[in-house]
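*Asks:* Questions regarding the structure given below will be posed in turn.
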Amino acid sequence: MLTELERQVLRYLKDRGEVGAEELENALSLPKSTLMSVLESLKSKGYLELEERIDKVYELTEEGRRRIEEGLPEDRLVNWLAGRPRTIAEVKAFMREDFEIALGWARRKRLVEVKDGLIVPKVDRANSEEAVALHSLPGKLAQEIASVLKLRNLVKEKEIRSLRVRGLKFEEDEKSVTFLTTELLVGGKWRDVKFRPYNVEAMPPPFYIGKKHFFVQFLEHIRDVLVSMGFTEVKSDYVELEFFNFDLLFQPQDHPAREIHDSLALPGVGKVSDAKLLERVKEMHERNWKYRWSEEVTSRIMLRSQATATTARTLASRPTPPVRTFTVGKVFRYDTIDATHLPEFFQLDGLIVEEGYNFRRLLGTLSEIFRRIGIERVRFKPAYFPFTEPSVEAYGFMEGLGWVEVCGAGLLRDEIMLAAGVQGVAGAWGIGLDRLAMMFSGVKDIRELYSQDLRYLRNRKVSWQW
Ligand SMILES: N[C@@H](Cc1ccccc1)C(=O)O
């Protein structure tokens, strides 16, 4: 069965046989894309043929446009002479910079000859065929004249593509049968009807099954990696006391990270419920940093700026070693949004507390995490964090990107372990997850990780391999 549009096209073709697609487009006032799909469909059903044509047309160059206004130099020369011979000097004075061209072409075309220092016209007036041709542009040109004009840099070639539509059948094929019915079978009528063939190449409509956001998939993959290494996930709230975000982590109260332009303060205050812990932290700050520690500052609330705040809370719960916990969560920092920065992003922070844990084992733990994430080559560099000693930064090698900073880590300071009242040696680390996700998914703009555009998300994939 043909659609109404297909029938319309056939009706138009019936009287004309062959037309240009552009003509059809205008006659039926259809958008080009619609017309094209109708034509393709009719073609596949054998109603018409399509032929793409490439026509050469010519158009004026800048110079061509100027010449056509003033007249070609040789024509101007002849028309100025108006049948009378003139001296070369006179002609030069009139033609100026066009003298050579004018004389050259006029002689070649035998419009003038040069005799005894005079330029003698052989015709009274000139209007060369080139000038006539130029006036007809843009359009087609005869081969010889086209090559002359091209040589004189007066025209340039342009290709115009067009589609010719040639009708083959103009009446709709007799109706074909799609389903074999009992009636057709019993009556034997199936012998006479025409069956419509299956088109096994037809594209089915896309079917979108529900799936997780690719960034969520990535975060879950990271969780699986940590769980596979014997870690337990812990969580805490976005709204955090400065106490856990900073003080318990040995970050002094005048530390620049605590400034308003770095972390996001919230109105109101909270309370540290463990008075003894509070007392020990106060003592730790005053003894080591030598300043008057303020309980007011530590009670302020903020959007946590590092997932290490969750680690601090884990320590404050005084777990008995061995401890292996991690947290995957959002953190917040004041920042201007661009392709690589957002004021909120994800961190993975981990904690290991064990008897006899040490720095070398920490480096081993980190290498193993990265190996399981898919980063085989890791390098370490000394670093500084207020809460760890010694501290390192880890760099992972990624194809096409080189060495990329992937993590900060270290052994938690004794001061912190003492204040928290936890036995053993603790290794801690923080990994920025957004950048890793960008690298694994090939996303160039961090904002895409948070995209809610379904059309975009349907085609987004993360691969766990490089
Ligand atoms: N919290 C640190 C990373 C870190 C975590 C744990 C130990 C050492 C470093 C950051 O955000 O930069």
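The chains in the structure tokens are called A, B, ... from first to last as shown; in each chain the residues are counted from 1, and the ligands are counted from 1 in the order shown.
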Given a cut-off of 6 Å, what residues near ligand 1 show up using only C-alpha atoms and all ligand atoms, put as a ChimeraX atom specification?

*Replies:* /A:306,308,385,408-410,428-430

*Asks:* Would you export the selected residues with C-alpha atoms as a PDB file, in the first residue's frame, please?

*Replies:*
```
ATOM      1  CA  GLN A 306      36.222  16.505  51.584  1.00  0.00           C
ATOM      2  CA  THR A 308      37.756  12.617  54.629  1.00  0.00           C
ATOM      3  CA  PHE A 385      48.152  17.040  53.807  1.00  0.00           C
ATOM      4  CA  GLY A 408      46.136  11.948  47.809  1.00  0.00           C
ATOM      5  CA  ALA A 409      47.073   9.641  50.666  1.00  0.00           C
ATOM      6  CA  GLY A 410      49.155   9.047  53.737  1.00  0.00           C
ATOM      7  CA  ALA A 428      43.892   7.022  54.469  1.00  0.00           C
ATOM      8  CA  TRP A 429      43.369   8.249  50.912  1.00  0.00           C
ATOM      9  CA  GLY A 430      41.101  10.365  48.794  1.00  0.00           C
TER      10      GLY A 430
END
```

*Asks:* Please provide the set of residues having any atom within 9 Å of Val155 of chain A, restricted to only C-alpha atoms, with same-chain residues fewer than 6 positions apart removed, written as an NGL selection string.

*Replies:* :A and (58-65 or 134 or 137 or 146 or 149)

*Asks:* Which residues are near segment 336-340 of chain A? Cut-off 12 Å, only C-alpha atoms, ignore same chain within fewer than 6 positions. Put them as number ranges by chain.

*Replies:* A: 261-262, 434-436, 438-439, 443-449

*Asks:* What is the atom CA of Arg377 of chain A to atom CA of Glu393 of chain A distance in Å?

*Replies:*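 Computing the Euclidean distance for atom CA of Arg377 of chain A and atom CA of Glu393 of chain A yields 13.9 Å.
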
*Asks:* One decimal, in Å: what's the spacing between atom CA of Lys43 of chain A and atom CA of Arg11 of chain A?

*Replies:*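 Atom CA of Arg11 of chain A lies 15.0 Å from atom CA of Lys43 of chain A.
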
*Asks:* Could you check which of A:Glu70, A:Asp274, A:Asp116, A:Asp124 is closest to Ala82 of chain A, using only C-alpha atoms?

*Replies:*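 Result for the nearest residue to Ala82 of chain A: A:Asp124.
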
*Asks:* Skip segment 288-302 of chain A itself and residues of its chain fewer than 3 positions away, then list as a PyMOL selection string all residues within 10 Å of it, counting only C-alpha atoms.

*Replies:* chain A and resi 238-248+250-254+258+263-272+278-279+281-285+305+332+415

*Asks:* Take the residues that were just selected and, keeping C-alpha atoms, output them as a PDB file, in the first residue's frame.

*Replies:*
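The resulting file, result.pdb, is shown below:
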```
ATOM      1  CA  TYR A 238      26.546  16.480  53.249  1.00  0.00           C
ATOM      2  CA  VAL A 239      25.931  18.969  56.037  1.00  0.00           C
ATOM      3  CA  GLU A 240      28.889  18.629  58.348  1.00  0.00           C
ATOM      4  CA  LEU A 241      30.372  20.199  61.436  1.00  0.00           C
ATOM      5  CA  GLU A 242      33.661  21.966  60.916  1.00  0.00           C
ATOM      6  CA  PHE A 243      34.786  19.688  63.717  1.00  0.00           C
ATOM      7  CA  PHE A 244      34.707  16.589  61.509  1.00  0.00           C
ATOM      8  CA  ASN A 245      35.590  18.290  58.266  1.00  0.00           C
ATOM      9  CA  PHE A 246      38.634  20.042  59.755  1.00  0.00           C
ATOM     10  CA  ASP A 247      39.385  20.012  63.498  1.00  0.00           C
ATOM     11  CA  LEU A 248      39.532  16.301  64.121  1.00  0.00           C
ATOM     12  CA  PHE A 250      44.275  18.390  62.606  1.00  0.00           C
ATOM     13  CA  GLN A 251      43.530  21.278  60.273  1.00  0.00           C
ATOM     14  CA  PRO A 252      44.108  24.480  62.299  1.00  0.00           C
ATOM     15  CA  GLN A 253      41.242  26.939  62.599  1.00  0.00           C
ATOM     16  CA  ASP A 254      43.056  29.599  60.570  1.00  0.00           C
ATOM     17  CA  ARG A 258      38.439  27.019  56.002  1.00  0.00           C
ATOM     18  CA  SER A 263      34.324  26.028  51.528  1.00  0.00           C
ATOM     19  CA  LEU A 264      30.587  26.607  51.615  1.00  0.00           C
ATOM     20  CA  ALA A 265      29.414  27.760  55.026  1.00  0.00           C
ATOM     21  CA  LEU A 266      25.833  27.244  56.161  1.00  0.00           C
ATOM     22  CA  PRO A 267      23.886  29.401  58.610  1.00  0.00           C
ATOM     23  CA  GLY A 268      23.453  27.957  62.083  1.00  0.00           C
ATOM     24  CA  VAL A 269      25.542  25.813  64.369  1.00  0.00           C
ATOM     25  CA  GLY A 270      25.720  22.187  65.431  1.00  0.00           C
ATOM     26  CA  LYS A 271      27.060  20.334  68.411  1.00  0.00           C
ATOM     27  CA  VAL A 272      29.732  17.736  68.977  1.00  0.00           C
ATOM     28  CA  LEU A 278      35.947  17.584  71.904  1.00  0.00           C
ATOM     29  CA  GLU A 279      38.253  18.159  74.854  1.00  0.00           C
ATOM     30  CA  VAL A 281      40.816  17.731  70.010  1.00  0.00           C
ATOM     31  CA  LYS A 282      41.027  21.135  71.709  1.00  0.00           C
ATOM     32  CA  GLU A 283      44.101  19.988  73.564  1.00  0.00           C
ATOM     33  CA  MET A 284      45.675  18.562  70.405  1.00  0.00           C
ATOM     34  CA  HIS A 285      45.279  21.876  68.577  1.00  0.00           C
ATOM     35  CA  SER A 305      34.535  19.903  51.471  1.00  0.00           C
ATOM     36  CA  PHE A 332      31.373  20.775  47.872  1.00  0.00           C
ATOM     37  CA  GLU A 415      47.862  13.221  67.045  1.00  0.00           C
TER      38      GLU A 415
END
```

*Asks:* Among the residues of segment 103-317 of chain A, find those DSSP assigns to strand (DSSP E) from the backbone and print them as JSON, numbers by chain.

*Replies:* {"A": [112, 113, 114, 115, 118, 119, 120, 121, 155, 156, 157, 158, 159, 160, 161, 162, 163, 164, 165, 166, 167, 232, 233, 239, 240, 241, 264, 265, 266, 267, 268, 269, 300, 301, 302, 303]}

*Asks:* Residues as selected, N, CA and C atoms, written as an mmCIF file, in the first residue's frame, can you do that?

*Replies:*
```
data_model
loop_
_atom_site.group_PDB
_atom_site.id
_atom_site.type_symbol
_atom_site.label_atom_id
_atom_site.label_comp_id
_atom_site.auth_asym_id
_atom_site.auth_seq_id
_atom_site.Cartn_x
_atom_site.Cartn_y
_atom_site.Cartn_z
ATOM 1 N N VAL A 112 42.256 45.479 -34.025
ATOM 2 C CA VAL A 112 43.120 46.624 -34.384
ATOM 3 C C VAL A 112 44.417 46.072 -34.954
ATOM 4 N N GLU A 113 45.191 46.946 -35.628
ATOM 5 C CA GLU A 113 46.575 46.584 -35.916
ATOM 6 C C GLU A 113 47.463 47.776 -35.592
ATOM 7 N N VAL A 114 48.769 47.488 -35.395
ATOM 8 C CA VAL A 114 49.684 48.573 -35.054
ATOM 9 C C VAL A 114 50.540 48.859 -36.271
ATOM 10 N N LYS A 115 50.484 50.111 -36.700
ATOM 11 C CA LYS A 115 51.222 50.468 -37.915
ATOM 12 C C LYS A 115 51.844 51.844 -37.724
ATOM 13 N N LEU A 118 51.050 53.916 -34.847
ATOM 14 C CA LEU A 118 49.620 54.222 -34.673
ATOM 15 C C LEU A 118 48.843 52.932 -34.396
ATOM 16 N N ILE A 119 47.781 53.095 -33.636
ATOM 17 C CA ILE A 119 46.887 51.955 -33.446
ATOM 18 C C ILE A 119 45.672 52.187 -34.336
ATOM 19 N N VAL A 120 45.526 51.256 -35.287
ATOM 20 C CA VAL A 120 44.501 51.459 -36.300
ATOM 21 C C VAL A 120 43.353 50.468 -36.099
ATOM 22 N N PRO A 121 42.154 50.955 -35.865
ATOM 23 C CA PRO A 121 41.024 50.038 -35.681
ATOM 24 C C PRO A 121 40.598 49.409 -36.997
ATOM 25 N N VAL A 155 35.833 34.227 -14.706
ATOM 26 C CA VAL A 155 34.784 33.350 -14.178
ATOM 27 C C VAL A 155 35.398 32.235 -13.355
ATOM 28 N N LYS A 156 34.589 31.652 -12.507
ATOM 29 C CA LYS A 156 35.020 30.444 -11.807
ATOM 30 C C LYS A 156 33.913 29.388 -11.884
ATOM 31 N N GLU A 157 34.375 28.142 -11.746
ATOM 32 C CA GLU A 157 33.457 27.032 -11.901
ATOM 33 C C GLU A 157 32.791 26.682 -10.588
ATOM 34 N N LYS A 158 31.569 26.223 -10.669
ATOM 35 C CA LYS A 158 30.892 25.769 -9.464
ATOM 36 C C LYS A 158 30.111 24.516 -9.835
ATOM 37 N N GLU A 159 30.088 23.550 -8.894
ATOM 38 C CA GLU A 159 29.331 22.329 -9.172
ATOM 39 C C GLU A 159 27.969 22.430 -8.525
ATOM 40 N N ILE A 160 26.951 22.091 -9.281
ATOM 41 C CA ILE A 160 25.616 22.082 -8.691
ATOM 42 C C ILE A 160 25.079 20.665 -8.769
ATOM 43 N N ARG A 161 24.730 20.150 -7.601
ATOM 44 C CA ARG A 161 24.196 18.799 -7.576
ATOM 45 C C ARG A 161 22.677 18.852 -7.633
ATOM 46 N N SER A 162 22.130 18.001 -8.438
ATOM 47 C CA SER A 162 20.672 17.951 -8.470
ATOM 48 C C SER A 162 20.232 16.506 -8.615
ATOM 49 N N LEU A 163 19.006 16.285 -8.262
ATOM 50 C CA LEU A 163 18.493 14.926 -8.297
ATOM 51 C C LEU A 163 17.369 14.868 -9.317
ATOM 52 N N ARG A 164 17.486 13.941 -10.280
ATOM 53 C CA ARG A 164 16.426 13.759 -11.265
ATOM 54 C C ARG A 164 15.565 12.583 -10.820
ATOM 55 N N VAL A 165 14.270 12.762 -10.995
ATOM 56 C CA VAL A 165 13.346 11.697 -10.611
ATOM 57 C C VAL A 165 12.633 11.215 -11.870
ATOM 58 N N ARG A 166 12.798 9.937 -12.180
ATOM 59 C CA ARG A 166 12.145 9.411 -13.393
ATOM 60 C C ARG A 166 11.117 8.363 -12.991
ATOM 61 N N GLY A 167 9.877 8.596 -13.370
ATOM 62 C CA GLY A 167 8.810 7.663 -13.020
ATOM 63 C C GLY A 167 8.887 6.397 -13.850
ATOM 64 N N THR A 232 34.282 -2.038 53.648
ATOM 65 C CA THR A 232 32.859 -1.826 53.918
ATOM 66 C C THR A 232 32.534 -0.358 53.669
ATOM 67 N N GLU A 233 31.399 -0.124 53.019
ATOM 68 C CA GLU A 233 31.046 1.259 52.707
ATOM 69 C C GLU A 233 30.431 1.949 53.924
ATOM 70 N N VAL A 239 25.792 17.876 55.072
ATOM 71 C CA VAL A 239 25.931 18.969 56.037
ATOM 72 C C VAL A 239 26.793 18.446 57.179
ATOM 73 N N GLU A 240 27.895 19.149 57.419
ATOM 74 C CA GLU A 240 28.889 18.629 58.348
ATOM 75 C C GLU A 240 29.366 19.711 59.313
ATOM 76 N N LEU A 241 29.759 19.281 60.474
ATOM 77 C CA LEU A 241 30.372 20.199 61.436
ATOM 78 C C LEU A 241 31.802 20.484 60.987
ATOM 79 N N LEU A 264 31.925 26.009 51.625
ATOM 80 C CA LEU A 264 30.587 26.607 51.615
ATOM 81 C C LEU A 264 29.967 26.528 53.010
ATOM 82 N N ALA A 265 29.943 27.686 53.660
ATOM 83 C CA ALA A 265 29.414 27.760 55.026
ATOM 84 C C ALA A 265 27.891 27.744 55.002
ATOM 85 N N LEU A 266 27.293 27.224 56.051
ATOM 86 C CA LEU A 266 25.833 27.244 56.161
ATOM 87 C C LEU A 266 25.460 28.038 57.415
ATOM 88 N N PRO A 267 24.296 28.667 57.411
ATOM 89 C CA PRO A 267 23.886 29.401 58.610
ATOM 90 C C PRO A 267 23.557 28.407 59.729
ATOM 91 N N GLY A 268 23.784 28.831 60.954
ATOM 92 C CA GLY A 268 23.453 27.957 62.083
ATOM 93 C C GLY A 268 24.664 27.242 62.636
ATOM 94 N N VAL A 269 24.454 26.560 63.743
ATOM 95 C CA VAL A 269 25.542 25.813 64.369
ATOM 96 C C VAL A 269 25.071 24.414 64.739
ATOM 97 N N ARG A 300 30.516 25.329 63.880
ATOM 98 C CA ARG A 300 29.859 25.870 62.681
ATOM 99 C C ARG A 300 29.533 24.727 61.713
ATOM 100 N N ILE A 301 28.474 24.945 60.904
ATOM 101 C CA ILE A 301 28.155 23.890 59.936
ATOM 102 C C ILE A 301 28.461 24.358 58.524
ATOM 103 N N MET A 302 28.697 23.409 57.667
ATOM 104 C CA MET A 302 29.138 23.692 56.298
ATOM 105 C C MET A 302 28.738 22.506 55.415
ATOM 106 N N LEU A 303 28.878 22.705 54.088
ATOM 107 C CA LEU A 303 28.758 21.552 53.191
ATOM 108 C C LEU A 303 30.146 20.920 53.171
#
```

*Asks:* As number ranges by chain, please: the residues near Arg413 of chain A (cut-off 6 Å, only C-alpha atoms, same-chain neighbours under 2 positions excluded).

*Replies:* A: 387-389, 415-416

*Asks:* Measuring between only C-alpha atoms, which one of A:Ser176, A:Thr181, A:Ser273, A:Thr34 shows the shortest distance to Ala21 of chain A?

*Replies:*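 With only C-alpha atoms as the atom set, the closest residue is A:Thr34.
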
*Asks:* Pick the closest to Met95 of chain A from A:Phe359, A:Asp75, A:Arg108, A:Leu151: which is it, counting only C-alpha atoms?

*Replies:*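 Of A:Phe359, A:Asp75, A:Arg108, A:Leu151, the one nearest Met95 of chain A is A:Asp75, counting only C-alpha atoms.
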
*Asks:* Based on the backbone DSSP call, show me all residues of segment 241-368 of chain A assigned alpha helix (DSSP H), as number ranges by chain.

*Replies:* A: 242-245, 275-289, 295-298, 308-316, 359-368

*Asks:* Need to verify the contact set: segment 189-193 of chain A, 8 Å, only C-alpha atoms, exclusion of same-chain residues closer than 4 positions in sequence. Can you return it as a PyMOL selection string?

*Replies:* chain A and resi 176-177+180+183-185

*Asks:* Hey, can you check how far atom CA of Glu171 of chain A sits from atom CA of Glu201 of chain A?

*Replies:*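 So the answer is 25.2 Å.
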
*Asks:* Using only C-alpha atoms, which of the listed residues (A:Tyr450, A:Phe231, A:Phe326, A:Phe94) sits closest to Ala312 of chain A?

*Replies:* A:Phe326

*Asks:* Which of these, A:Glu22, A:Glu144, A:Glu97, A:Glu220, has the shortest distance to Ile373 of chain A once you count only C-alpha atoms?

*Replies:* A:Glu220

*Asks:* Hey, which of A:Met417, A:Ala131, A:Met36, A:Val200 ends up closest to Arg76 of chain A? Count only C-alpha atoms.

*Replies:* A:Ala131
